[in-house]
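A.B. asks: Below you will find the structure I want to go over with you.
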Amino acid sequence: STQSTWESTSRPDHIHVSDVVYRATHDHFAYRALELMTLKGKPTPMQTYLLDPATITGDAVLQGFVTWSTEKYGCQNEVIDRQHQQLVNLLNKFVSLRDRNAGVHALRLSPEAYQERVERLLTRLYYYIQRHFTYEEQLMELNGLEELPGHHELHTAFKSRRRKMFSEWSNGTLDDSGLNHAIAFLTHWLMNHIRGEDRNLIPRCTITLEEPADDASFGNSSFASPRSTYYAEV
């Protein structure tokens, strides 16, 4: 019964996995959550995920820019779309910085300047991801979306990878090649997440939520609503 249900709900060129497999491997691959699956003989619905095999070797993403397309990535929500575009812009800045430092010698930055630019971009990315995920989860909570707990888990896994990357770069254990691979993974994950979960869930959020204007709240847990169960730690 389980096998036949999985076959009928899977996708071409994707790997369908259980929640157990997802929890054991989500730090390494990008997953897309499916709708809760009801199985015969199981007392509660099961959460399952799709793994896109392209994310296993994600370095190719950083070969060029991600081009924003409202038709492809738009979620029918002005604030969410603007935040997604800002995340894409930050990821594209890594491509520009990498290409500049690998290009004509006269245009290359000194090692110190390069380190400082990377650190600045990583810091902006680190906190903007926190800001965006917090806002998105509050919006879903405000609209009573039952998928919020699963969505929150996906965000938490992504932030764990982001935190690991930032820590390794800061303590000098992440070289340029490792940074490229990490950014490629984050890019793959983010774009798949937007195309999958966000485009499915956000249009159902008909109650709007004002976006905080104070940039100083980036990454600050006080940015989250006191009633929110799902805002995550930095």
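Ordering of the structure tokens sets the chain letters (A, B, ...), residue numbers begin anew at 1 in every chain, and ligands are numbered from 1 in the order given.
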Among segment 44-208 of chain A, which ones does DSSP place in strand (DSSP E or B), written as a ChimeraX atom specification?
C.D. replies: /A:46,48-51
A.B. asks: List the spatial neighbours of segment 66-77 of chain A as a list in words - criterion: any atom at most 9 Å away, only C-alpha atoms, same-chain residues fewer than 4 positions off excluded.
C.D. replies: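 Those residues are Val61, Leu62, Asp81, Arg82, His84, Gln85, Val88, Asn89, Leu91, Asn92, Thr187, Met191, Ile194, Arg195, Asp198, Arg199, Asn200, Leu201, Ile202, Pro203, Cys205 and Thr208 of chain A.
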A.B. asks: Can you work out the spacing between atom CA of Glu116 of chain A and atom CA of Ser167 of chain A in Å, to one decimal?
C.D. replies: 15.0 Å
A.B. asks: Quick one: residues within 12 Å of Ile183 of chain A, only C-alpha atoms, excluding same-chain residues fewer than 4 positions away - as a PyMOL selection string?
C.D. replies: chain A and resi 55+58-63+87-88+90-95+98+118+121-122+125-126+158+161-162+164-166+169+174+176-179+187-190
A.B. asks: Of the residues A:Asp19, A:Glu78, A:Glu211, A:Asp99, which is the one nearest to Tyr135 of chain A, using only C-alpha atoms?
C.D. replies: A:Glu211
A.B. asks: What is the distance, in Å and to one decimal place, between atom CA of Pro45 of chain A and atom CA of Leu148 of chain A?
C.D. replies: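 About the pair atom CA of Pro45 of chain A and atom CA of Leu148 of chain A: they are 14.9 Å apart.
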